[in-house]
>>> print(open('target_10.txt').read())   # compact mmCIF, C-alpha atoms
# COMPACT_ATOMS: atom_id res chain seq x y z
CA MET A 1 -5.63 -11.27 6.30
CA SER A 2 -4.83 -11.84 10.01
CA THR A 3 -1.57 -10.96 11.72
CA LYS A 4 -0.90 -14.68 12.18
CA ASP A 5 -1.10 -15.23 8.42
CA TRP A 6 1.24 -12.32 7.69
CA LEU A 7 3.89 -13.52 10.16
CA GLU A 8 3.82 -17.14 9.02
CA LYS A 9 4.32 -16.36 5.33
CA ASP A 10 7.83 -16.72 3.90
CA PHE A 11 7.78 -14.12 1.14
CA TYR A 12 11.31 -15.01 0.00
CA LYS A 13 10.22 -18.62 -0.57
CA VAL A 14 7.16 -17.45 -2.50
CA LEU A 15 9.41 -15.51 -4.90
CA GLY A 16 12.04 -18.26 -5.00
CA VAL A 17 14.91 -16.09 -3.78
CA SER A 18 17.20 -16.16 -0.78
CA LYS A 19 16.85 -13.87 2.22
CA THR A 20 20.04 -12.06 1.17
CA ALA A 21 18.94 -11.50 -2.43
CA GLU A 22 19.68 -8.13 -3.99
CA PRO A 23 16.76 -5.84 -5.00
CA ASP A 24 17.41 -6.43 -8.71
CA GLU A 25 17.29 -10.20 -8.18
CA ILE A 26 14.00 -9.91 -6.31
CA LYS A 27 12.49 -7.72 -9.03
CA LYS A 28 13.61 -10.11 -11.75
CA ALA A 29 12.10 -13.10 -9.93
CA TYR A 30 8.83 -11.23 -9.39
CA ARG A 31 8.48 -10.24 -13.03
CA LYS A 32 9.11 -13.79 -14.18
CA LEU A 33 6.46 -15.22 -11.87
CA ALA A 34 4.01 -12.40 -12.59
CA ARG A 35 4.20 -13.11 -16.33
CA LYS A 36 3.76 -16.80 -15.69
CA TYR A 37 0.68 -16.53 -13.48
CA HIS A 38 -0.90 -13.34 -14.82
CA PRO A 39 -4.72 -13.71 -15.21
CA ASP A 40 -4.53 -12.49 -18.82
CA SER A 41 -2.37 -15.48 -19.67
CA ASN A 42 -4.40 -17.94 -17.58
CA ALA A 43 -8.02 -17.08 -18.23
CA GLY A 44 -10.35 -19.05 -15.96
CA ASP A 45 -7.51 -20.67 -14.01
CA ALA A 46 -8.33 -20.02 -10.34
CA THR A 47 -5.09 -21.62 -9.16
CA ALA A 48 -2.97 -19.32 -11.33
CA GLU A 49 -4.96 -16.29 -10.16
CA ALA A 50 -4.37 -17.20 -6.51
CA LYS A 51 -0.67 -17.71 -7.20
CA PHE A 52 -0.48 -14.32 -8.94
CA LYS A 53 -2.00 -12.63 -5.89
CA GLU A 54 0.43 -14.44 -3.59
CA VAL A 55 3.43 -13.36 -5.68
CA SER A 56 2.20 -9.75 -5.84
CA GLU A 57 1.67 -9.73 -2.09
CA ALA A 58 5.19 -11.03 -1.46
CA TYR A 59 6.80 -8.47 -3.77
CA ASP A 60 4.82 -5.66 -2.17
CA VAL A 61 6.71 -6.37 1.07
CA VAL A 62 10.22 -7.55 0.16
CA GLY A 63 10.36 -5.39 -2.96
CA ASP A 64 10.12 -2.27 -0.78
CA ALA A 65 13.30 -1.49 1.18
CA LYS A 66 11.51 -0.13 4.26
CA LYS A 67 8.87 -2.85 4.44
CA ARG A 68 11.51 -5.53 3.84
CA LYS A 69 13.58 -4.26 6.76
CA GLU A 70 10.55 -4.32 9.07
CA TYR A 71 9.53 -7.78 7.82
CA ASP A 72 13.02 -9.18 8.37
CA GLU A 73 13.10 -7.71 11.89
CA ALA A 74 9.76 -9.28 12.75
CA ARG A 75 10.94 -12.70 11.55
CA ARG A 76 14.20 -12.30 13.45
CA LEU A 77 12.29 -11.74 16.70
CA PHE A 78 10.35 -14.98 16.31
CA GLY A 79 12.89 -17.23 14.62
CA SER A 80 14.08 -17.59 11.06
CA GLY A 81 11.60 -20.33 10.35
CA GLY A 82 8.68 -17.99 10.63
CA PHE A 83 6.45 -17.21 13.61
CA ARG A 84 4.10 -20.01 14.68
CA MET A 85 1.08 -18.89 16.61
CA PRO A 86 0.24 -20.97 19.69
CA GLY A 87 -2.43 -23.47 18.82
CA SER A 88 -1.59 -23.46 15.08
CA ALA A 89 -1.06 -26.66 13.17
CA GLY A 90 2.35 -28.12 13.82
CA GLY A 91 3.13 -25.51 16.47
CA GLN A 92 4.05 -25.93 20.07
CA GLY A 93 2.07 -25.04 23.12
CA GLN A 94 -1.36 -26.33 22.11
CA GLY A 95 -4.04 -24.84 24.37
CA PHE A 96 -1.69 -22.22 25.82
CA GLY A 97 -3.67 -19.11 26.89
CA PHE A 98 -1.81 -16.63 24.74
CA ASP A 99 -3.27 -13.26 23.64
CA VAL A 100 -1.60 -12.00 20.47
CA GLY A 101 -3.04 -8.56 21.26
CA ASP A 102 -0.45 -8.30 24.05
CA LEU A 103 2.29 -8.23 21.41
CA PHE A 104 0.85 -5.11 19.82
CA ASN A 105 -0.37 -3.12 22.83
CA ARG A 106 2.46 -3.28 25.35
CA SER A 107 6.18 -2.89 25.42
CA GLY A 108 8.38 -5.95 25.63
CA ALA A 109 10.59 -6.92 28.51
CA SER A 110 13.79 -5.10 29.22
CA GLY A 111 15.98 -5.15 26.16
CA SER A 112 13.13 -5.92 23.79
CA ALA A 113 12.11 -3.88 20.78
CA GLY A 114 10.73 -0.49 21.88
CA GLY A 115 6.94 -0.37 21.70
CA GLY A 116 6.33 -4.02 20.85
CA LEU A 117 5.67 -5.78 17.58
CA GLY A 118 2.96 -3.30 16.64
CA ASP A 119 5.59 -0.57 16.18
CA ILE A 120 7.56 -2.81 13.83
CA LEU A 121 4.65 -3.97 11.71
CA GLY A 122 2.57 -0.78 11.79
CA GLY A 123 4.09 0.79 8.68
CA MET A 124 4.41 -2.51 6.77
CA PHE A 125 0.83 -3.72 7.11
CA GLY A 126 -1.00 -0.39 7.27
CA GLY A 127 -1.59 -0.63 11.02
CA GLY A 128 -2.55 -4.32 10.82
CA GLY A 129 -0.89 -4.93 14.18
CA ARG A 130 -3.38 -2.75 16.03
CA THR A 131 -6.46 -4.24 17.63
CA THR A 132 -9.91 -2.69 17.79
CA THR A 133 -9.40 -1.87 21.48
CA THR A 134 -6.74 0.73 20.61
CA SER A 135 -7.83 4.26 21.52
CA SER A 136 -7.53 6.66 18.57
CA THR A 137 -8.28 10.33 18.19
CA ALA A 138 -10.74 11.15 15.42
CA ARG A 139 -9.15 13.17 12.65
CA PRO A 140 -10.20 16.76 11.99
CA ARG A 141 -12.43 17.22 8.94
CA ARG A 142 -12.37 20.20 6.61
CA GLY A 143 -15.64 22.08 6.20
CA ALA A 144 -17.59 22.01 2.95
CA ASP A 145 -17.18 24.63 0.24
CA ILE A 146 -20.11 26.99 -0.35
CA GLU A 147 -21.34 28.36 -3.69
CA THR A 148 -23.30 31.61 -3.94
CA GLU A 149 -24.01 34.47 -6.38
CA ALA A 150 -23.93 38.26 -6.19
CA THR A 151 -25.29 40.85 -8.63
CA ILE A 152 -23.59 44.28 -8.71
CA GLU A 153 -23.80 47.43 -10.79
CA PHE A 154 -21.43 48.32 -13.61
CA ALA A 155 -19.65 51.10 -11.66
CA GLU A 156 -19.23 48.77 -8.65
CA ALA A 157 -17.54 46.17 -10.85
CA VAL A 158 -15.14 48.80 -12.20
CA ASN A 159 -14.20 50.32 -8.84
CA GLY A 160 -14.78 47.41 -6.45
CA VAL A 161 -17.46 47.12 -3.77
CA THR A 162 -18.24 45.41 -0.45
CA VAL A 163 -21.55 43.53 -0.48
CA ALA A 164 -23.52 41.83 2.29
CA LEU A 165 -24.33 38.18 1.57
CA ARG A 166 -26.82 36.16 3.59
CA MET A 167 -25.31 32.68 3.86
CA THR A 168 -26.95 29.41 4.90
CA SER A 169 -24.42 26.63 5.38
CA ASP A 170 -23.59 23.41 7.17
CA ALA A 171 -22.51 23.89 10.81
CA PRO A 172 -22.26 21.85 14.04
CA CYS A 173 -25.68 20.91 15.40
CA LYS A 174 -26.64 23.30 18.21
CA THR A 175 -28.51 20.63 20.17
CA CYS A 176 -25.67 18.11 20.48
CA ARG A 177 -22.85 20.59 19.74
CA GLY A 178 -21.66 18.50 16.85
CA THR A 179 -21.31 15.16 18.64
CA GLY A 180 -24.34 13.57 16.98
CA ALA A 181 -25.28 11.93 20.28
CA LYS A 182 -28.43 12.44 22.31
CA TYR A 183 -28.15 14.91 25.20
CA GLY A 184 -26.56 13.21 28.19
CA THR A 185 -24.74 10.58 26.10
CA VAL A 186 -21.40 10.61 24.33
CA PRO A 187 -20.31 9.13 21.00
CA LYS A 188 -17.88 6.23 20.84
CA VAL A 189 -14.79 5.78 18.73
CA CYS A 190 -15.62 3.71 15.66
CA LEU A 191 -14.03 0.28 16.13
CA LYS A 192 -13.82 -0.44 12.41
CA CYS A 193 -11.58 2.52 11.54
CA GLU A 194 -10.33 3.19 15.10
CA GLY A 195 -11.52 6.77 14.92
CA THR A 196 -9.64 7.76 11.79
CA GLY A 197 -12.76 7.95 9.63
CA MET A 198 -10.97 6.12 6.83
CA GLN A 199 -10.49 2.47 5.89
CA THR A 200 -7.97 0.81 3.60
CA SER A 201 -8.64 -2.21 1.43
CA VAL A 202 -6.21 -4.16 -0.75
CA GLN A 203 -7.35 -5.02 -4.28
CA GLY A 204 -5.82 -8.17 -5.72
CA GLY A 205 -2.97 -8.09 -3.25
CA VAL A 206 -1.39 -5.22 -5.18
CA PHE A 207 -3.28 -1.92 -4.90
CA ALA A 208 -4.35 -0.33 -1.60
CA MET A 209 -7.36 1.98 -1.68
CA THR A 210 -8.31 4.37 1.13
CA GLU A 211 -11.93 5.53 1.42
CA PRO A 212 -14.33 6.83 4.10
CA CYS A 213 -15.26 4.22 6.69
CA THR A 214 -18.55 2.52 5.85
CA GLU A 215 -19.45 2.12 9.51
CA CYS A 216 -19.15 5.75 10.69
CA LYS A 217 -19.41 7.42 7.24
CA GLY A 218 -16.05 9.09 7.71
CA ARG A 219 -16.78 10.75 11.09
CA GLY A 220 -14.63 8.40 13.16
CA LEU A 221 -17.40 8.26 15.76
CA VAL A 222 -20.56 6.21 16.21
CA VAL A 223 -23.51 6.90 18.48
CA ASP A 224 -25.84 4.45 20.22
CA GLN A 225 -28.55 7.07 20.82
CA PRO A 226 -28.58 9.66 18.02
CA CYS A 227 -29.44 13.30 18.56
CA GLU A 228 -33.11 13.91 17.77
CA THR A 229 -32.32 17.15 15.93
CA CYS A 230 -29.56 16.06 13.55
CA HIS A 231 -30.32 12.30 13.68
CA GLY A 232 -26.74 11.46 14.56
CA SER A 233 -24.99 13.43 11.80
CA GLY A 234 -23.71 16.10 14.19
CA ARG A 235 -24.46 18.76 11.57
CA GLY A 236 -27.13 21.43 11.27
CA GLN A 237 -27.95 24.61 9.33
CA SER A 238 -26.41 27.96 10.16
CA SER A 239 -27.43 31.37 8.76
CA ARG A 240 -25.15 34.38 8.86
CA THR A 241 -24.59 37.67 7.08
CA MET A 242 -21.10 38.11 5.66
CA GLN A 243 -19.44 41.22 4.27
CA VAL A 244 -17.64 40.20 1.08
CA ARG A 245 -15.24 42.44 -0.85
CA ILE A 246 -15.65 42.24 -4.63
CA PRO A 247 -12.35 43.43 -6.16
CA ALA A 248 -12.15 46.22 -8.72
CA GLY A 249 -12.13 45.07 -12.32
CA VAL A 250 -14.29 41.97 -11.81
CA THR A 251 -16.06 40.82 -14.97
CA ASP A 252 -19.54 39.43 -15.52
CA GLY A 253 -19.65 35.70 -14.68
CA GLN A 254 -16.29 35.71 -12.87
CA ARG A 255 -15.93 33.27 -9.94
CA ILE A 256 -14.18 34.58 -6.83
CA ARG A 257 -12.71 32.30 -4.16
CA LEU A 258 -12.66 33.44 -0.52
CA LYS A 259 -10.47 31.03 1.42
CA GLY A 260 -11.78 29.83 4.78
CA LYS A 261 -15.18 31.54 4.43
CA GLY A 262 -17.15 28.34 3.80
CA ALA A 263 -18.74 25.87 6.22
CA ALA A 264 -17.05 25.27 9.57
CA GLY A 265 -14.88 22.17 9.96
CA GLU A 266 -15.35 19.32 12.41
CA ARG A 267 -13.14 18.45 15.38
CA GLY A 268 -10.91 21.48 14.86
CA GLY A 269 -10.65 21.04 11.10
CA PRO A 270 -10.32 24.12 8.84
CA SER A 271 -13.33 25.81 7.29
CA GLY A 272 -14.13 25.30 3.64
CA ASP A 273 -13.97 28.02 0.99
CA LEU A 274 -16.64 30.38 -0.32
CA TYR A 275 -17.05 30.72 -4.09
CA VAL A 276 -18.96 33.77 -5.32
CA THR A 277 -20.12 33.99 -8.94
CA VAL A 278 -20.49 37.68 -9.81
CA HIS A 279 -23.11 39.02 -12.21
CA VAL A 280 -22.59 42.58 -13.49
CA ASN A 281 -25.49 44.70 -14.72
CA GLY A 282 -24.89 46.55 -17.97
CA HIS A 283 -24.49 50.35 -18.15
CA ARG A 284 -26.69 52.70 -20.13
CA ILE A 285 -23.83 54.29 -22.12
CA PHE A 286 -20.52 52.74 -21.04
CA GLY A 287 -19.04 49.43 -22.08
CA ARG A 288 -15.84 47.52 -21.18
CA GLN A 289 -12.89 46.27 -23.15
CA GLY A 290 -10.53 44.59 -20.72
CA GLU A 291 -9.15 47.28 -18.43
CA HIS A 292 -10.58 50.07 -20.60
CA LEU A 293 -14.03 51.63 -20.71
CA THR A 294 -15.70 52.37 -24.02
CA LEU A 295 -18.11 55.13 -25.04
CA THR A 296 -19.73 56.01 -28.36
CA VAL A 297 -19.81 59.81 -28.83
CA PRO A 298 -22.19 61.39 -31.37
CA VAL A 299 -20.83 64.51 -33.16
CA SER A 300 -22.42 66.68 -35.80
CA PHE A 301 -21.39 66.80 -39.43
CA THR A 302 -19.94 70.30 -39.03
CA GLU A 303 -18.03 69.35 -35.79
CA ALA A 304 -16.40 66.44 -37.56
CA ALA A 305 -15.58 68.56 -40.64
CA LEU A 306 -14.39 71.72 -38.92
CA GLY A 307 -13.12 70.27 -35.64
CA ALA A 308 -14.43 71.12 -32.18
CA GLU A 309 -13.94 70.83 -28.44
CA ILE A 310 -16.69 68.80 -26.81
CA LYS A 311 -17.42 67.54 -23.30
CA VAL A 312 -17.89 63.81 -22.66
CA PRO A 313 -19.00 62.09 -19.43
CA THR A 314 -16.84 59.75 -17.36
CA LEU A 315 -17.88 56.95 -15.03
CA ASP A 316 -16.97 58.98 -11.93
CA GLY A 317 -19.43 61.70 -12.99
CA LEU A 318 -16.91 64.44 -13.83
CA PRO A 319 -16.96 65.36 -17.57
CA VAL A 320 -13.76 65.90 -19.52
CA THR A 321 -13.08 68.09 -22.56
CA VAL A 322 -12.00 66.29 -25.73
CA ARG A 323 -10.61 67.90 -28.90
CA ILE A 324 -12.19 66.59 -32.14
CA PRO A 325 -9.66 67.15 -34.96
CA ALA A 326 -10.94 68.76 -38.15
CA GLY A 327 -11.83 66.17 -40.78
CA THR A 328 -12.55 63.40 -38.27
CA ALA A 329 -14.20 60.46 -40.01
CA ASN A 330 -17.09 58.42 -38.71
CA GLY A 331 -15.87 55.53 -36.53
CA SER A 332 -12.59 57.22 -35.55
CA LYS A 333 -11.11 56.31 -32.15
CA LEU A 334 -9.96 58.76 -29.49
CA ARG A 335 -8.38 57.96 -26.10
CA VAL A 336 -8.83 59.67 -22.73
CA ARG A 337 -6.07 58.33 -20.47
CA GLY A 338 -6.69 57.27 -16.86
CA LYS A 339 -10.48 57.24 -17.05
CA GLY A 340 -10.97 53.48 -17.40
CA SER A 341 -11.29 50.49 -15.05
CA VAL A 342 -9.05 50.01 -12.01
CA ARG A 343 -6.16 47.61 -12.59
CA ARG A 344 -4.77 45.19 -9.99
CA ASP A 345 -1.84 47.52 -9.25
CA GLY A 346 -4.25 50.39 -8.49
CA THR A 347 -3.70 52.30 -11.74
CA LYS A 348 -6.49 52.87 -14.24
CA GLY A 349 -7.05 51.97 -17.84
CA ASP A 350 -8.30 54.43 -20.44
CA LEU A 351 -11.62 55.67 -21.80
CA LEU A 352 -11.88 54.74 -25.49
CA LEU A 353 -14.15 57.00 -27.56
CA THR A 354 -15.74 55.98 -30.86
CA ILE A 355 -16.87 58.94 -32.99
CA ASP A 356 -20.33 58.61 -34.48
CA VAL A 357 -20.88 61.35 -37.08
CA GLN A 358 -24.55 62.30 -37.26
CA VAL A 359 -25.86 63.10 -40.76
CA PRO A 360 -28.90 65.43 -40.71
CA HIS A 361 -32.06 63.97 -42.18
CA ASP A 362 -34.45 66.94 -42.31
CA LEU A 363 -32.98 70.05 -43.95
CA THR A 364 -34.55 73.46 -44.34
CA ALA A 365 -34.45 75.17 -47.73
CA GLU A 366 -31.70 77.47 -46.51
CA GLN A 367 -29.59 74.55 -45.19
CA ARG A 368 -30.01 72.63 -48.42
CA ALA A 369 -28.95 75.68 -50.47
CA LYS A 370 -25.87 76.17 -48.29
CA LEU A 371 -24.86 72.49 -48.67
CA GLN A 372 -25.32 72.65 -52.44
CA GLU A 373 -23.18 75.78 -52.50
CA PHE A 374 -20.54 73.93 -50.41
CA SER A 375 -20.63 70.94 -52.76
CA SER A 376 -20.12 73.16 -55.79
CA ALA A 377 -17.30 75.08 -54.17
CA SER A 378 -15.45 71.99 -52.89
CA ALA A 379 -14.80 70.56 -56.36
CA GLN A 380 -14.07 67.14 -54.82
CA PRO A 381 -12.92 64.34 -57.13
CA ASP A 382 -15.16 61.37 -57.79
CA LEU A 383 -14.89 59.39 -54.53
CA ARG A 384 -16.18 56.21 -56.20
CA ALA A 385 -13.95 56.23 -59.22
CA GLY A 386 -11.85 53.41 -57.80
CA LEU A 387 -14.83 51.13 -57.59
CA PHE A 388 -15.08 50.88 -61.37
CA GLY A 389 -11.46 50.26 -62.24
CA THR A 390 -10.39 47.30 -64.39
CA ALA A 391 -9.74 44.02 -62.61
>>> encode(input="target_10.txt", output="structure tokens")
Amino acid sequence: MSTKDWLEKDFYKVLGVSKTAEPDEIKKAYRKLARKYHPDSNAGDATAEAKFKEVSEAYDVVGDAKKRKEYDEARRLFGSGGFRMPGSAGGQGQGFGFDVGDLFNRSGASGSAGGGLGDILGGMFGGGGRTTTTSSTARPRRGADIETEATIEFAEAVNGVTVALRMTSDAPCKTCRGTGAKYGTVPKVCLKCEGTGMQTSVQGGVFAMTEPCTECKGRGLVVDQPCETCHGSGRGQSSRTMQVRIPAGVTDGQRIRLKGKGAAGERGGPSGDLYVTVHVNGHRIFGRQGEHLTLTVPVSFTEAALGAEIKVPTLDGLPVTVRIPAGTANGSKLRVRGKGSVRRDGTKGDLLLTIDVQVPHDLTAEQRAKLQEFSSASAQPDLRAGLFGTA
């Protein structure tokens, strides 16, 4: 809709209220008309649909306190009867050489409203008072995020490690230095979006939707002679080696975000982020249970029965001595404190030991005789007596 159309509309008349109507009165009038002309209640009625859009458009302005104030001020400047553009039907000054762009691009005479009508209507109509000759600065654009993967060893995941990652990402084209224009030429500000890279469209007179400009694809700039390397996109490929710190305690499949380590931005915009998915190789003997390490320790039948002091390995390579209590059963758990994975606060979890009692399979005649002698001397009760009790 043109600026002329906006200024000539009497939104109060459309809603059937006075110019001094209270907000509640305006809302009530809008709801009544919206119900009356709603497309759901007037299927196939083009006239009702047009009226519904007109009512919605009017309420969008006078139903908002800020927009209403700006609208009233604009009408006050050009008369309470609404602004009539020179050359319009019923208006005065037919054929007068008047450029409406002057109203939006220059200040008024002494005593007039600040920066002209464009300053008054800019917020109300989404910049509708600006013409395509207005010079705008293209907005900065954030760089793209980058996804990569890293595979580390079990001990590195527990203690943390710095790895070198070879990254290939989007970057400004080296030939045109990111302008997208052929060497010796310069890009121009996109006239459609005025260099903002975004365009706004109104759906049904009610909802406004902002999306990347279809003319410049969101860059805010257009080129007449595109760069032969990047074909006008202004972007190219960049390879670099980056040192990335993988924190202690990372788990297999965990995704780490490194802020600002992604692709470079455009026109001074911030860089994107780097996301690293970490894969952890398994360990030959150690496992993990949250912040704790786990280890299955085989012990002999006699060590479990009589008790013993044994040495067990730790992830840092220094063995520790562990006391096996006499009569330890198979599957018992023991804890070695401070020998687990590094926590976020710098402390360590524990090493959890699972006792695996080894039963001998091949016995010599002497060993068998000794065990039979032990069995006779122990006089143990029937261990399975409880299995045959009455229900």
>>> closest_residue(input="target_10.txt", among="A:Arg343, A:Ala65, A:Pro247, A:Thr354", to="A:Pro298", atoms="only C-alpha atoms")
A:Thr354
>>> closest_residue(input="target_10.txt", among="A:Asn42, A:Thr314, A:Thr302, A:Ser201", to="A:Phe286", atoms="all atoms listed in the file")
A:Thr314
>>> closest_residue(input="target_10.txt", among="A:Arg337, A:Arg257, A:Arg31, A:Lys13", to="A:Leu293", atoms="only C-alpha atoms")
A:Arg337
>>> residues_around(input="target_10.txt", residues="stretch 220-223 of chain A", least_positions_apart="6", cutoff="12 Å", atoms="only C-alpha atoms", output="ChimeraX atom specification")
/A:135-141,176,178-199,212-214,231-234,266-267
>>> atom_distance(input="target_10.txt", atom1="atom CA of A:Ser271", atom2="atom CA of A:Val250")
25.0 Å
>>> closest_residue(input="target_10.txt", among="A:Asp252, A:Glu8, A:Asp60, A:Glu291", to="A:Arg75", atoms="only C-alpha atoms")
A:Glu8
